[in-house]
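J.: Input: one structure, supplied below.
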Amino acid sequence: MSKRKFSLDKLLKDPLFWSILLLNLFVVFRYGSNIEFQYNLVVIQIIQTFCLIVAHYFLIRNTPIKYLKKKYKLNRTRKKTDKNRKEFGSYIDKDETGDSIFAAIFLIMGCFVSVFLLAIFYAFNLWKNEGEFIFQWSDLLSSFWAIANGITYYQNNKKRLTYSNASASDLIAIPFFKFYIPLFAMLSGYILVMKVVGDIISFILSNPKYWENMEEENEV
């Protein structure tokens with residue numbers, strides 16, 4: 001396993017990091033003095049995490065991780081009027097797409113954990129409020145922000161993963177657990193603090209673009 005060094009410069013220049021930070025400041029402003037609805041932060045965090053899970057799913061599925069090419073048959077006939085017609089053949093090299101199997105496994109795991117945590121939250125909400133489910137639709141406002149962050153996460157990491165020869169653990173296990181760090185930390189009871197601190201820490205850890213490969217630097 002290669003050694004990596006954290007790059008503060010890349011972190012501070014990344015708009016996605018500042019977007020995550022502003023999102024959490026908004027959460028603190030909205031829920032800091034409203035203890036009654038802080039439990040709804042669990043739902044917000046589940047939605048935010050699931051947006052990143054879906055973004056990572058498309059990232060794995062659409063990105064050619066390994067430098068491999070397949071030959072695909074052309075559905076056209078070479079004509080005499082074609083320029084450089086000698087370069088036309090019966091087959092053409094085309095990049096492989098991503099790994100659909102790894103992507104499906106990752107998405108299934110994310111769906112299962114998200115639904116499981118939602119069920120726990122729903123049961124706890126009913127128990128705490130004596131059979132009445134309390135939730136504000138305005139709590140979902142930050143979810144639209146989370147969707148935008150998921151799209152940016154996809155765009156930021158697609159170039160990094162292309163032909164990276166990343167291992168299965170790098171593609172599935174490590175991002176999965178890092179995405180869910182804030183959620184499991186929030187179960188400790190310190191919901192607002194764990195949401196903000198865990199969210200920012202897990203975001204930094206789950207973005208390899210902030211971690212430079214020291215072996216590549218030594219080669220240069």
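For the structure tokens, the naming scheme is as follows: chains receive sequential letters (A, B, ...) according to their order of presentation, residues are indexed from 1 within each chain, and ligands are indexed from 1 in presentation order.
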Need to verify the contact set: Val113 of chain A, 12 Å, only C-alpha atoms, exclusion of same-chain residues closer than 4 positions in sequence. Can you return it as a list in words?
T.: Ile46, Ile47, Thr49, Phe50, Ile53, Phe106, Leu107, Ile108, Met109, Leu117, Leu118, Ala119, Ile120, Phe176, Phe177, Phe179, Tyr180, Leu183 and Phe184 of chain A
J.: Go ahead and save the picked residues with N, CA, C and O atoms, as an mmCIF file, in the first residue's frame.
T.:
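Okay, this is what ended up in again06.cif:
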data_model
loop_
_atom_site.group_PDB
_atom_site.id
_atom_site.type_symbol
_atom_site.label_atom_id
_atom_site.label_comp_id
_atom_site.auth_asym_id
_atom_site.auth_seq_id
_atom_site.Cartn_x
_atom_site.Cartn_y
_atom_site.Cartn_z
ATOM 1 N N ILE A 46 -28.545 11.132 6.474
ATOM 2 C CA ILE A 46 -28.761 9.928 5.676
ATOM 3 C C ILE A 46 -28.951 10.303 4.202
ATOM 4 O O ILE A 46 -28.379 9.676 3.298
ATOM 5 N N ILE A 47 -29.733 11.341 3.948
ATOM 6 C CA ILE A 47 -29.961 11.798 2.568
ATOM 7 C C ILE A 47 -28.660 12.305 1.958
ATOM 8 O O ILE A 47 -28.322 11.992 0.810
ATOM 9 N N THR A 49 -25.595 11.506 2.804
ATOM 10 C CA THR A 49 -24.704 10.368 2.593
ATOM 11 C C THR A 49 -25.139 9.550 1.382
ATOM 12 O O THR A 49 -24.306 9.110 0.581
ATOM 13 N N PHE A 50 -26.451 9.362 1.234
ATOM 14 C CA PHE A 50 -26.955 8.564 0.120
ATOM 15 C C PHE A 50 -26.676 9.251 -1.217
ATOM 16 O O PHE A 50 -26.424 8.584 -2.221
ATOM 17 N N ILE A 53 -23.289 8.299 -2.016
ATOM 18 C CA ILE A 53 -23.273 6.885 -2.389
ATOM 19 C C ILE A 53 -23.681 6.721 -3.855
ATOM 20 O O ILE A 53 -23.036 6.000 -4.628
ATOM 21 N N PHE A 106 -21.701 -1.826 -4.251
ATOM 22 C CA PHE A 106 -21.583 -0.602 -3.466
ATOM 23 C C PHE A 106 -22.949 0.045 -3.250
ATOM 24 O O PHE A 106 -23.281 0.471 -2.139
ATOM 25 N N LEU A 107 -23.770 0.103 -4.303
ATOM 26 C CA LEU A 107 -25.089 0.725 -4.200
ATOM 27 C C LEU A 107 -26.021 -0.083 -3.304
ATOM 28 O O LEU A 107 -26.772 0.489 -2.495
ATOM 29 N N ILE A 108 -25.977 -1.404 -3.416
ATOM 30 C CA ILE A 108 -26.824 -2.269 -2.575
ATOM 31 C C ILE A 108 -26.464 -2.096 -1.106
ATOM 32 O O ILE A 108 -27.345 -1.989 -0.242
ATOM 33 N N MET A 109 -25.180 -2.070 -0.812
ATOM 34 C CA MET A 109 -24.741 -1.859 0.573
ATOM 35 C C MET A 109 -25.224 -0.505 1.089
ATOM 36 O O MET A 109 -25.722 -0.395 2.223
ATOM 37 N N LEU A 117 -30.931 2.516 8.869
ATOM 38 C CA LEU A 117 -30.805 3.664 9.770
ATOM 39 C C LEU A 117 -32.075 4.511 9.778
ATOM 40 O O LEU A 117 -32.460 5.047 10.827
ATOM 41 N N LEU A 118 -32.742 4.614 8.636
ATOM 42 C CA LEU A 118 -34.010 5.331 8.593
ATOM 43 C C LEU A 118 -35.063 4.642 9.455
ATOM 44 O O LEU A 118 -35.863 5.307 10.129
ATOM 45 N N ALA A 119 -35.083 3.315 9.430
ATOM 46 C CA ALA A 119 -36.036 2.557 10.246
ATOM 47 C C ALA A 119 -35.772 2.786 11.737
ATOM 48 O O ALA A 119 -36.711 2.941 12.535
ATOM 49 N N ILE A 120 -34.488 2.821 12.116
ATOM 50 C CA ILE A 120 -34.140 3.086 13.519
ATOM 51 C C ILE A 120 -34.601 4.483 13.921
ATOM 52 O O ILE A 120 -35.186 4.685 14.996
ATOM 53 N N PHE A 176 -17.081 3.584 1.456
ATOM 54 C CA PHE A 176 -18.332 3.233 2.125
ATOM 55 C C PHE A 176 -18.283 3.556 3.612
ATOM 56 O O PHE A 176 -19.179 4.225 4.152
ATOM 57 N N PHE A 177 -17.240 3.102 4.282
ATOM 58 C CA PHE A 177 -17.142 3.342 5.720
ATOM 59 C C PHE A 177 -16.889 4.811 6.036
ATOM 60 O O PHE A 177 -17.388 5.348 7.029
ATOM 61 N N PHE A 179 -17.987 7.361 4.286
ATOM 62 C CA PHE A 179 -19.232 8.088 4.080
ATOM 63 C C PHE A 179 -20.150 7.989 5.297
ATOM 64 O O PHE A 179 -20.886 8.922 5.610
ATOM 65 N N TYR A 180 -20.106 6.835 5.966
ATOM 66 C CA TYR A 180 -21.035 6.595 7.077
ATOM 67 C C TYR A 180 -20.445 6.913 8.450
ATOM 68 O O TYR A 180 -21.100 6.693 9.466
ATOM 69 N N LEU A 183 -22.746 9.370 10.450
ATOM 70 C CA LEU A 183 -24.000 8.772 10.902
ATOM 71 C C LEU A 183 -23.811 7.928 12.154
ATOM 72 O O LEU A 183 -24.568 8.033 13.123
ATOM 73 N N PHE A 184 -22.804 7.077 12.138
ATOM 74 C CA PHE A 184 -22.578 6.225 13.299
ATOM 75 C C PHE A 184 -22.080 7.048 14.488
ATOM 76 O O PHE A 184 -22.362 6.718 15.641
#
J.: Please provide as an MDAnalysis selection string all residues within 6 Å of Trp211 of chain A, with the sequence filter that same-chain residues fewer than 4 positions apart are discarded (counting only C-alpha atoms).
T.: chainID A and resid 4:7
J.: If we count only C-alpha atoms, what is near Ile101 of chain A at a cut-off of 12 Å, once residues fewer than 5 positions away on the same chain are taken out, given as a list in words?
T.: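 Neighbouring residues, sequence-local ones excluded: Tyr57, Phe58, Ile60, Arg61, Asn62, Phe106, Leu107, Ile108, Ala168, Leu171 and Ile172 of chain A.
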J.: Would you put the residues from that selection into a file with all heavy atoms, as a short mmCIF file (atom, residue, chain, number, x, y, z; two decimals), in the first residue's frame?
T.:
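What landed in part-v9.cif:
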data_model
loop_
_atom_site.label_atom_id
_atom_site.label_comp_id
_atom_site.auth_asym_id
_atom_site.auth_seq_id
_atom_site.Cartn_x
_atom_site.Cartn_y
_atom_site.Cartn_z
N TYR A 57 -21.48 5.46 -6.97
CA TYR A 57 -21.96 4.34 -7.79
C TYR A 57 -21.74 4.64 -9.27
O TYR A 57 -21.18 3.83 -10.01
CB TYR A 57 -23.43 4.08 -7.50
CG TYR A 57 -24.14 3.30 -8.59
CD1 TYR A 57 -23.95 1.93 -8.72
CD2 TYR A 57 -24.98 3.95 -9.50
CE1 TYR A 57 -24.58 1.22 -9.73
CE2 TYR A 57 -25.61 3.25 -10.50
CZ TYR A 57 -25.42 1.88 -10.62
OH TYR A 57 -26.03 1.18 -11.63
N PHE A 58 -22.20 5.82 -9.73
CA PHE A 58 -22.02 6.20 -11.13
C PHE A 58 -20.54 6.38 -11.46
O PHE A 58 -20.10 6.12 -12.58
CB PHE A 58 -22.79 7.48 -11.43
CG PHE A 58 -24.27 7.28 -11.58
CD1 PHE A 58 -25.15 7.75 -10.62
CD2 PHE A 58 -24.78 6.59 -12.66
CE1 PHE A 58 -26.51 7.56 -10.75
CE2 PHE A 58 -26.15 6.38 -12.81
CZ PHE A 58 -27.01 6.87 -11.83
N ILE A 60 -17.99 4.63 -10.20
CA ILE A 60 -17.41 3.30 -10.41
C ILE A 60 -17.92 2.69 -11.71
O ILE A 60 -17.18 2.05 -12.46
CB ILE A 60 -17.73 2.37 -9.22
CG1 ILE A 60 -17.15 2.95 -7.93
CG2 ILE A 60 -17.15 0.98 -9.46
CD1 ILE A 60 -17.55 2.16 -6.69
N ARG A 61 -19.21 2.87 -11.98
CA ARG A 61 -19.83 2.23 -13.15
C ARG A 61 -19.37 2.84 -14.47
O ARG A 61 -19.20 2.13 -15.47
CB ARG A 61 -21.36 2.35 -13.06
CG ARG A 61 -22.10 1.42 -14.01
CD ARG A 61 -23.56 1.78 -14.10
NE ARG A 61 -23.78 3.04 -14.82
CZ ARG A 61 -24.98 3.49 -15.17
NH1 ARG A 61 -26.05 2.82 -14.83
NH2 ARG A 61 -25.11 4.62 -15.85
N ASN A 62 -19.14 4.15 -14.50
CA ASN A 62 -18.86 4.83 -15.77
C ASN A 62 -17.38 5.08 -16.04
O ASN A 62 -17.02 5.44 -17.15
CB ASN A 62 -19.59 6.18 -15.80
CG ASN A 62 -21.10 6.01 -15.74
OD1 ASN A 62 -21.63 4.97 -16.09
ND2 ASN A 62 -21.79 7.04 -15.27
N PHE A 106 -21.70 -1.83 -4.25
CA PHE A 106 -21.58 -0.60 -3.47
C PHE A 106 -22.95 0.04 -3.25
O PHE A 106 -23.28 0.47 -2.14
CB PHE A 106 -20.65 0.37 -4.18
CG PHE A 106 -20.33 1.61 -3.39
CD1 PHE A 106 -19.35 1.59 -2.41
CD2 PHE A 106 -21.01 2.80 -3.63
CE1 PHE A 106 -19.05 2.73 -1.68
CE2 PHE A 106 -20.71 3.94 -2.91
CZ PHE A 106 -19.73 3.90 -1.92
N LEU A 107 -23.77 0.10 -4.30
CA LEU A 107 -25.09 0.73 -4.20
C LEU A 107 -26.02 -0.08 -3.30
O LEU A 107 -26.77 0.49 -2.49
CB LEU A 107 -25.70 0.88 -5.59
CG LEU A 107 -27.04 1.62 -5.65
CD1 LEU A 107 -26.88 3.06 -5.16
CD2 LEU A 107 -27.60 1.60 -7.06
N ILE A 108 -25.98 -1.40 -3.42
CA ILE A 108 -26.82 -2.27 -2.58
C ILE A 108 -26.46 -2.10 -1.11
O ILE A 108 -27.34 -1.99 -0.24
CB ILE A 108 -26.69 -3.74 -3.01
CG1 ILE A 108 -27.32 -3.94 -4.39
CG2 ILE A 108 -27.34 -4.67 -1.99
CD1 ILE A 108 -27.07 -5.29 -5.00
N ALA A 168 -10.15 -3.02 -5.16
CA ALA A 168 -11.54 -3.14 -4.72
C ALA A 168 -11.77 -2.40 -3.41
O ALA A 168 -12.82 -1.79 -3.20
CB ALA A 168 -11.91 -4.61 -4.58
N LEU A 171 -12.17 1.23 -4.06
CA LEU A 171 -13.39 1.58 -4.78
C LEU A 171 -14.64 1.39 -3.94
O LEU A 171 -15.63 2.12 -4.12
CB LEU A 171 -13.52 0.72 -6.04
CG LEU A 171 -12.50 0.96 -7.15
CD1 LEU A 171 -12.71 -0.03 -8.27
CD2 LEU A 171 -12.61 2.38 -7.67
N ILE A 172 -14.64 0.44 -3.02
CA ILE A 172 -15.87 0.10 -2.28
C ILE A 172 -15.73 0.30 -0.78
O ILE A 172 -16.41 1.14 -0.19
CB ILE A 172 -16.30 -1.35 -2.57
CG1 ILE A 172 -16.64 -1.52 -4.06
CG2 ILE A 172 -17.50 -1.73 -1.72
CD1 ILE A 172 -17.10 -2.89 -4.43
#
J.: Atom CA of Ile204 of chain A and atom CA of Pro15 of chain A are how many Å apart?
T.: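 Here the two named atoms are 12.8 Å from each other.
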J.: Interatomic distance between atom CA of Val54 of chain A and atom CA of Ala148 of chain A?
T.: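 Taking atom CA of Val54 of chain A as the start and atom CA of Ala148 of chain A as the end point, the length is 12.0 Å.
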J.: With distances taken over only C-alpha atoms, which of A:Thr162, A:Ser188, A:Gln155, A:Asn207 is nearest to Gly98 of chain A?
T.: A:Thr162
J.: Give the answer as one residue: which of A:Phe203, A:Phe37, A:Trp127, A:Tyr31 has the shortest atom-to-atom distance to Pro182 of chain A, using only C-alpha atoms?
T.: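 The shortest atom-to-atom distance to Pro182 of chain A comes from A:Phe203.
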J.: By how many Å are atom CA of Ile65 of chain A and atom CA of Trp145 of chain A apart?
T.: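 Distance reported for this atom pair: 28.5 Å.
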J.: In terms of the shortest atom-to-atom distance over only C-alpha atoms, which of A:Val42, A:Ala173, A:Val115, A:Leu59 is closest to Ala185 of chain A?
T.: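 With only C-alpha atoms as the atom set, the closest residue is A:Val42.
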J.: Smallest atom-to-atom distance to Lys128 of chain A: which of A:Tyr39, A:Phe17, A:Gly32, A:Val193, using only C-alpha atoms?
T.: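 Looking only at the distances to Lys128 of chain A, the closest residue turns out to be A:Tyr39.
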